[in-house]
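Colleague: Here you go, this is coords_16.tsv (TSV, C-alpha atoms).
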```tsv
chain	number	residue	atom	x	y	z
A	1	MET	CA	31.80	-23.10	-11.33
A	2	SER	CA	34.81	-22.26	-9.18
A	3	VAL	CA	35.77	-24.93	-6.67
A	4	ASN	CA	36.72	-22.23	-4.18
A	5	LEU	CA	33.34	-20.52	-4.51
A	6	LYS	CA	31.72	-23.85	-3.71
A	7	LEU	CA	33.90	-24.12	-0.59
A	8	ILE	CA	32.83	-20.63	0.51
A	9	GLY	CA	29.17	-21.42	-0.15
A	10	GLU	CA	29.28	-24.67	1.79
A	11	ASN	CA	31.01	-22.93	4.69
A	12	ILE	CA	28.29	-20.25	4.79
A	13	ILE	CA	25.59	-22.93	4.88
A	14	GLU	CA	27.40	-24.90	7.58
A	15	ASN	CA	27.76	-21.77	9.76
A	16	ARG	CA	24.33	-20.25	9.05
A	17	LEU	CA	23.21	-20.39	12.70
A	18	ASP	CA	26.50	-18.89	13.88
A	19	ILE	CA	26.06	-16.08	11.34
A	20	LEU	CA	22.63	-15.31	12.82
A	21	LYS	CA	24.07	-15.32	16.35
A	22	GLU	CA	26.97	-13.06	15.40
A	23	SER	CA	24.62	-10.67	13.62
A	24	THR	CA	22.53	-10.39	16.79
A	25	ALA	CA	25.65	-9.98	18.95
A	26	LEU	CA	26.95	-7.17	16.75
A	27	ARG	CA	23.64	-5.37	16.98
A	28	MET	CA	23.49	-5.94	20.73
A	29	GLU	CA	26.77	-4.06	21.11
A	30	GLU	CA	25.32	-1.02	19.37
A	31	GLU	CA	21.59	-1.20	20.17
A	32	PRO	CA	21.11	-3.34	23.33
A	33	GLU	CA	17.68	-2.00	24.26
A	34	LEU	CA	16.30	-2.56	20.77
A	35	VAL	CA	17.67	-6.10	20.57
A	36	GLU	CA	16.13	-6.96	23.95
A	37	LYS	CA	12.82	-5.59	22.72
A	38	MET	CA	13.09	-7.65	19.54
A	39	MET	CA	13.94	-10.84	21.42
A	40	SER	CA	10.99	-10.39	23.78
A	41	ARG	CA	8.54	-9.77	20.94
A	42	LYS	CA	5.86	-12.43	20.65
A	43	LEU	CA	5.28	-13.32	17.03
A	44	VAL	CA	1.79	-14.25	15.86
A	45	SER	CA	2.55	-15.86	12.51
A	46	MET	CA	5.40	-18.14	13.67
A	47	THR	CA	7.33	-19.33	16.69
A	48	GLN	CA	10.81	-18.07	17.53
A	49	GLU	CA	12.22	-21.40	16.31
A	50	GLU	CA	10.36	-21.08	13.01
A	51	SER	CA	11.56	-17.49	12.70
A	52	GLN	CA	15.17	-18.58	13.15
A	53	GLU	CA	14.73	-21.39	10.62
A	54	PHE	CA	13.19	-18.93	8.17
A	55	ALA	CA	16.17	-16.58	8.54
A	56	ALA	CA	18.58	-19.50	8.20
A	57	THR	CA	16.91	-20.43	4.91
A	58	PHE	CA	17.91	-17.05	3.52
A	59	ILE	CA	21.55	-17.68	4.45
A	60	THR	CA	21.33	-21.13	2.87
A	61	TYR	CA	20.11	-19.55	-0.36
A	62	LEU	CA	23.06	-17.16	-0.34
A	63	GLY	CA	25.51	-20.00	0.20
A	64	GLU	CA	23.97	-22.19	-2.51
A	65	SER	CA	23.97	-19.30	-4.97
A	66	LEU	CA	27.79	-19.53	-5.05
A	67	PHE	CA	27.77	-23.00	-6.61
A	68	SER	CA	24.36	-23.24	-8.29
A	69	ASP	CA	22.33	-21.31	-10.87
A	70	GLU	CA	22.58	-17.73	-9.65
A	71	ARG	CA	19.45	-16.70	-11.58
A	72	ALA	CA	17.39	-19.40	-9.88
A	73	TYR	CA	18.49	-18.10	-6.48
A	74	PHE	CA	17.66	-14.56	-7.54
A	75	THR	CA	14.09	-15.80	-7.92
A	76	LEU	CA	14.15	-17.73	-4.64
A	77	ILE	CA	15.47	-14.73	-2.73
A	78	THR	CA	12.90	-12.48	-4.40
A	79	GLU	CA	10.12	-14.71	-3.09
A	80	TRP	CA	11.80	-14.99	0.31
A	81	GLY	CA	12.07	-11.19	0.55
A	82	LYS	CA	8.41	-10.72	-0.34
A	83	LYS	CA	7.34	-13.26	2.27
A	84	ALA	CA	9.63	-11.75	4.90
A	85	GLY	CA	8.26	-8.30	4.14
A	86	GLN	CA	4.69	-9.50	4.46
A	87	ILE	CA	5.50	-11.17	7.77
A	88	GLY	CA	6.98	-7.88	8.95
A	89	VAL	CA	3.82	-6.04	7.91
A	90	ASN	CA	1.55	-8.58	9.60
A	91	GLU	CA	3.59	-8.55	12.80
A	92	GLY	CA	3.76	-4.75	12.86
A	93	ILE	CA	7.57	-4.72	12.79
A	94	PRO	CA	8.84	-1.27	11.72
A	95	LEU	CA	10.57	-1.26	8.34
A	96	GLU	CA	13.52	0.76	9.63
A	97	GLU	CA	14.13	-1.80	12.36
A	98	SER	CA	14.47	-4.63	9.86
A	99	LEU	CA	16.49	-2.71	7.30
A	100	ASP	CA	18.96	-1.39	9.87
A	101	GLY	CA	19.53	-4.93	11.10
A	102	LEU	CA	20.78	-6.00	7.69
A	103	ARG	CA	24.01	-4.04	8.06
A	104	PHE	CA	24.93	-6.27	10.99
A	105	PHE	CA	24.00	-9.31	8.96
A	106	ARG	CA	26.30	-8.17	6.14
A	107	LYS	CA	29.16	-7.81	8.64
A	108	ALA	CA	28.52	-11.27	10.07
A	109	ILE	CA	28.44	-13.09	6.76
A	110	LEU	CA	31.47	-11.20	5.44
A	111	HIS	CA	33.34	-12.00	8.66
A	112	THR	CA	32.58	-15.71	8.09
A	113	ILE	CA	34.03	-15.55	4.59
A	114	LYS	CA	37.14	-13.67	5.74
A	115	LYS	CA	37.68	-16.09	8.63
A	116	GLN	CA	37.57	-19.01	6.22
A	117	ALA	CA	40.09	-17.28	3.97
A	118	ASN	CA	42.43	-16.60	6.91
A	119	ASP	CA	42.12	-20.16	8.25
A	120	THR	CA	43.02	-21.82	4.98
A	121	ASP	CA	45.65	-21.38	2.32
A	122	ILE	CA	43.24	-22.24	-0.47
A	123	LEU	CA	41.16	-19.07	-0.82
A	124	THR	CA	42.53	-15.92	-2.41
A	125	ILE	CA	41.38	-12.32	-2.17
A	126	ASP	CA	39.89	-12.74	-5.64
A	127	ASP	CA	37.78	-15.65	-4.37
A	128	VAL	CA	36.42	-13.49	-1.56
A	129	ILE	CA	35.65	-10.64	-3.95
A	130	ASP	CA	33.97	-12.99	-6.44
A	131	ALA	CA	31.83	-14.50	-3.68
A	132	TRP	CA	30.79	-11.11	-2.35
A	133	ALA	CA	30.01	-9.91	-5.88
A	134	ILE	CA	27.31	-12.62	-6.00
A	135	ILE	CA	26.05	-12.37	-2.42
A	136	ASP	CA	25.82	-8.60	-2.01
A	137	PRO	CA	23.41	-7.96	-4.93
A	138	LEU	CA	21.20	-10.80	-3.66
A	139	ILE	CA	21.02	-9.14	-0.25
A	140	ASP	CA	20.10	-5.88	-1.99
A	141	ARG	CA	17.38	-7.73	-3.92
A	142	CYS	CA	16.01	-9.06	-0.65
A	143	ILE	CA	15.95	-5.53	0.78
A	144	TYR	CA	14.07	-4.26	-2.27
A	145	CYS	CA	11.39	-6.98	-2.08
A	146	PHE	CA	11.12	-6.63	1.68
A	147	SER	CA	10.65	-2.87	1.41
A	148	LEU	CA	8.15	-3.29	-1.42
A	149	ALA	CA	5.81	-5.28	0.82
A	150	HIS	CA	5.85	-2.46	3.37
A	151	LEU	CA	5.39	0.15	0.66
A	152	GLU	CA	2.39	-1.65	-0.82
A	153	ASN	CA	0.86	-1.88	2.65
A	154	HIS	CA	1.48	1.84	3.13
A	155	TYR	CA	-0.24	2.67	-0.15
A	156	GLU	CA	-3.17	0.41	0.74
A	157	THR	CA	-3.54	2.13	4.11
A	158	LEU	CA	-3.45	5.56	2.47
A	159	SER	CA	-5.99	4.45	-0.13
A	160	LYS	CA	-8.39	3.25	2.55
A	161	ALA	CA	-7.93	6.47	4.52
A	162	HIS	CA	-8.49	8.52	1.37
A	163	ALA	CA	-11.66	6.58	0.57
A	164	LYS	CA	-12.89	7.14	4.13
A	165	VAL	CA	-12.27	10.89	3.86
A	166	GLN	CA	-14.08	10.93	0.52
A	167	GLU	CA	-17.02	9.13	2.07
A	168	LEU	CA	-17.17	11.61	4.94
A	169	GLN	CA	-16.94	14.56	2.55
A	170	MET	CA	-19.60	13.24	0.17
A	171	PRO	CA	-22.24	11.30	2.10
A	172	ILE	CA	-25.45	10.30	0.37
A	173	VAL	CA	-28.14	11.21	2.90
A	174	PRO	CA	-31.55	9.49	2.64
A	175	ILE	CA	-34.36	11.86	3.63
A	176	SER	CA	-37.36	9.73	2.64
A	177	ASP	CA	-38.15	6.50	0.84
A	178	GLY	CA	-36.68	6.80	-2.62
A	179	ILE	CA	-35.21	10.28	-2.04
A	180	ALA	CA	-31.69	11.21	-0.99
A	181	VAL	CA	-29.31	14.17	-1.08
A	182	LEU	CA	-25.67	14.17	-2.15
A	183	PRO	CA	-23.92	17.35	-0.91
A	184	ILE	CA	-20.61	18.07	-2.66
A	185	ILE	CA	-18.16	20.36	-0.89
A	186	GLY	CA	-14.78	21.75	-1.98
A	187	GLU	CA	-12.95	21.24	-5.25
A	188	LEU	CA	-13.64	18.44	-7.67
A	189	ASP	CA	-10.80	16.67	-9.40
A	190	GLU	CA	-10.89	13.58	-11.58
A	191	ASP	CA	-10.47	11.16	-8.66
A	192	ARG	CA	-13.27	12.74	-6.64
A	193	SER	CA	-15.52	12.85	-9.68
A	194	GLN	CA	-14.96	9.15	-10.28
A	195	TYR	CA	-15.68	8.45	-6.62
A	196	ILE	CA	-18.95	10.44	-6.84
A	197	LEU	CA	-19.99	8.39	-9.86
A	198	GLU	CA	-19.26	5.07	-8.17
A	199	LYS	CA	-20.79	6.14	-4.86
A	200	ALA	CA	-23.92	7.54	-6.47
A	201	LEU	CA	-24.54	4.37	-8.48
A	202	GLU	CA	-23.81	2.07	-5.55
A	203	GLU	CA	-25.96	3.92	-3.01
A	204	SER	CA	-28.80	4.66	-5.44
A	205	SER	CA	-29.09	0.95	-6.14
A	206	ARG	CA	-28.82	-0.02	-2.48
A	207	LEU	CA	-31.34	2.57	-1.29
A	208	LYS	CA	-33.65	1.98	-4.28
A	209	LEU	CA	-33.72	5.70	-5.03
A	210	ARG	CA	-36.11	7.40	-7.42
A	211	HIS	CA	-34.65	10.88	-6.92
A	212	LEU	CA	-31.11	11.96	-6.03
A	213	ILE	CA	-30.58	15.66	-5.31
A	214	ILE	CA	-27.00	16.72	-6.00
A	215	ASP	CA	-26.25	19.89	-4.07
A	216	LEU	CA	-23.41	22.03	-5.46
A	217	SER	CA	-23.67	24.90	-3.00
A	218	GLY	CA	-20.35	23.83	-1.46
A	219	ILE	CA	-18.49	23.81	-4.77
A	220	VAL	CA	-15.90	26.58	-4.98
A	221	ILE	CA	-15.03	26.32	-8.67
A	222	ILE	CA	-16.82	24.72	-11.59
A	223	ASP	CA	-15.14	24.17	-14.93
A	224	THR	CA	-15.69	22.09	-18.03
A	225	MET	CA	-14.29	18.93	-16.44
A	226	VAL	CA	-16.52	19.26	-13.38
A	227	ALA	CA	-19.57	19.95	-15.52
A	228	ASN	CA	-18.85	17.00	-17.81
A	229	ASN	CA	-18.37	14.73	-14.82
A	230	MET	CA	-21.71	15.85	-13.43
A	231	PHE	CA	-23.30	14.93	-16.78
A	232	ARG	CA	-21.69	11.49	-16.48
A	233	VAL	CA	-23.22	11.01	-13.04
A	234	VAL	CA	-26.65	12.19	-14.20
A	235	ASN	CA	-26.63	9.98	-17.30
A	236	ALA	CA	-25.42	6.93	-15.37
A	237	LEU	CA	-28.16	7.42	-12.77
A	238	LYS	CA	-30.73	7.78	-15.53
A	239	LEU	CA	-29.87	4.25	-16.68
A	240	LEU	CA	-30.80	3.05	-13.18
A	241	GLY	CA	-34.10	4.91	-13.37
A	242	VAL	CA	-32.96	7.57	-10.92
A	243	ASP	CA	-33.98	11.18	-11.57
A	244	SER	CA	-31.11	13.58	-10.79
A	245	ILE	CA	-31.77	17.11	-9.57
A	246	ILE	CA	-29.06	19.74	-9.15
A	247	THR	CA	-29.32	22.44	-6.51
A	248	GLY	CA	-27.08	25.18	-5.14
A	249	MET	CA	-25.97	26.73	-8.43
A	250	ARG	CA	-24.88	30.06	-7.02
A	251	ALA	CA	-24.78	33.15	-9.26
A	252	GLU	CA	-21.03	33.00	-9.87
A	253	LEU	CA	-21.24	29.31	-10.73
A	254	THR	CA	-24.13	29.92	-13.11
A	255	GLN	CA	-22.16	32.67	-14.83
A	256	THR	CA	-19.19	30.35	-15.20
A	257	VAL	CA	-21.39	27.63	-16.66
A	258	VAL	CA	-22.86	30.04	-19.21
A	259	SER	CA	-19.43	31.41	-20.18
A	260	LEU	CA	-18.16	27.87	-20.72
A	261	GLY	CA	-21.10	27.11	-22.98
A	262	ILE	CA	-22.27	24.26	-20.75
A	263	ASP	CA	-25.93	23.35	-21.24
A	264	PHE	CA	-27.94	22.19	-18.21
A	265	LYS	CA	-31.33	22.48	-19.94
A	266	ASP	CA	-32.04	18.74	-19.79
A	267	ILE	CA	-31.28	18.56	-16.07
A	268	SER	CA	-33.64	19.79	-13.37
A	269	THR	CA	-31.94	22.59	-11.44
A	270	PHE	CA	-33.13	24.60	-8.45
A	271	SER	CA	-31.58	27.32	-6.36
A	272	ASN	CA	-31.96	25.44	-3.09
A	273	LEU	CA	-32.86	22.08	-1.59
A	274	GLN	CA	-36.34	23.10	-0.45
A	275	LYS	CA	-37.48	24.00	-3.96
A	276	ALA	CA	-36.03	20.78	-5.33
A	277	LEU	CA	-37.96	18.74	-2.77
A	278	GLU	CA	-41.16	20.62	-3.50
A	279	SER	CA	-40.74	19.86	-7.21
A	280	ILE	CA	-41.02	16.14	-6.53
A	281	GLY	CA	-43.94	16.51	-4.11
A	282	PHE	CA	-41.92	16.17	-0.93
A	283	SER	CA	-42.75	18.28	2.10
A	284	GLN	CA	-42.18	18.17	5.84
A	285	HIS	CA	-45.91	17.58	6.25
A	286	SER	CA	-45.79	14.49	4.08
A	287	VAL	CA	-42.99	13.03	6.23
A	288	ILE	CA	-44.90	13.62	9.44
A	289	ASN	CA	-47.90	11.87	8.01
```
Take the structure from the file and write it as structure tokens.
Modeller:
Amino acid sequence: MSVNLKLIGENIIENRLDILKESTALRMEEEPELVEKMMSRKLVSMTQEESQEFAATFITYLGESLFSDERAYFTLITEWGKKAGQIGVNEGIPLEESLDGLRFFRKAILHTIKKQANDTDILTIDDVIDAWAIIDPLIDRCIYCFSLAHLENHYETLSKAHAKVQELQMPIVPISDGIAVLPIIGELDEDRSQYILEKALEESSRLKLRHLIIDLSGIVIIDTMVANNMFRVVNALKLLGVDSIITGMRAELTQTVVSLGIDFKDISTFSNLQKALESIGFSQHSVIN
């Protein structure tokens, strides 16, 4: 370990609060309205004092990394970045706001190192370069982990939205005790097919269905994959004791099925919903009674 690197690290730790203040001052010069907005923001997960202490911990890690096990501080900063990113997500702080602020932080910490070098005759330009060669990648690591937390939240939000759209596009509609209809509209890909399978099993169990009518009149294209996935749904439902009925096989779909050599002989199929309901003894009169 270089004695001069230790001096730089200790100086960074000693001036950690000044580094935070200078970083804010530098940003205030360029983005005064944004900084005022940030300073007036009420945090839910921590107080302003706790937030400042949390930020100061990061600077302490950077300083200690210059005279301790660099790999250990890589791990510490990784965890700090993840936590900071999650706090940002929970507080609703925009990612771009946080990331842009780091350029002012870099300036502030580098200014502290340069000031120490100018104020003493001990440090050389090589010492400054060596120190920055350790600190800069650690800051980059923090940015990566911080961004990852936001990215994971973004993917989770998209996944929930996608699931909601799927649910709206493929509702299982109960029409009587033990009977429900699953209308399928649009194109079927592997993800949608898997969703249909999971949804059909879940809702059939919850609703205690005896019959589930799967209506394909809204399907634009049917191919081998779609047909095989429908077989998977039918067979899985059969294990639950649910009888599957397929309706809405339009002429062009039927022709495609035949040309593909797909066999629906073991599955009850009807041209429309009314005929399917009649086949299981359901009628409007029976509902009224």
Colleague: Would you pick out the contacts of Ala133 of chain A at 12 Å or less, using all atoms listed in the file, so that residues sharing its chain but fewer than 6 positions from it are not included, and give the list as an MDAnalysis selection string?
Modeller: chainID A and resid 5 62 65:66 70 110 126:127 139:140
Colleague: Give me the residues near Gln52 of chain A as a count of residues only, where near means some atom within 12 Å (using all atoms listed in the file) and where sequence neighbours in that chain fewer than 6 positions away do not count.
Modeller: 12
Colleague: For a quick check of understanding, using all atoms listed in the file, which of A:Ser2, A:Trp80, A:Ser40, A:His150 has the smallest distance to Ser98 of chain A?
Modeller: A:His150
Colleague: Quick one: everything within 12 Å of Ala180 of chain A, counting only C-alpha atoms, minus sequence neighbours fewer than 2 positions away in the same chain. Send it as an NGL selection string.
Modeller: :A and (171-178 or 182-183 or 200 or 203-215 or 242-245 or 273 or 276-277 or 280 or 282)
Colleague: I need the residue nearest Gln274 of chain A from this list: A:Asn4, A:Asp100, A:Asp189, A:Gly248. Use all atoms listed in the file for the distance.
Modeller: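 Looking at the shortest contact to Gln274 of chain A, the residue is A:Gly248.
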Colleague: Taking all atoms of segment 104-119 of chain A that the file lists and extending 6 Å past them on each side, where is the centre of the axis-aligned box and how long are its edges? Answer in Å to one decimal, as JSON.
Modeller:
```
{"center_x": 33.2, "center_y": -13.2, "center_z": 7.5, "size_x": 30.4, "size_y": 25.9, "size_z": 19.0}
```
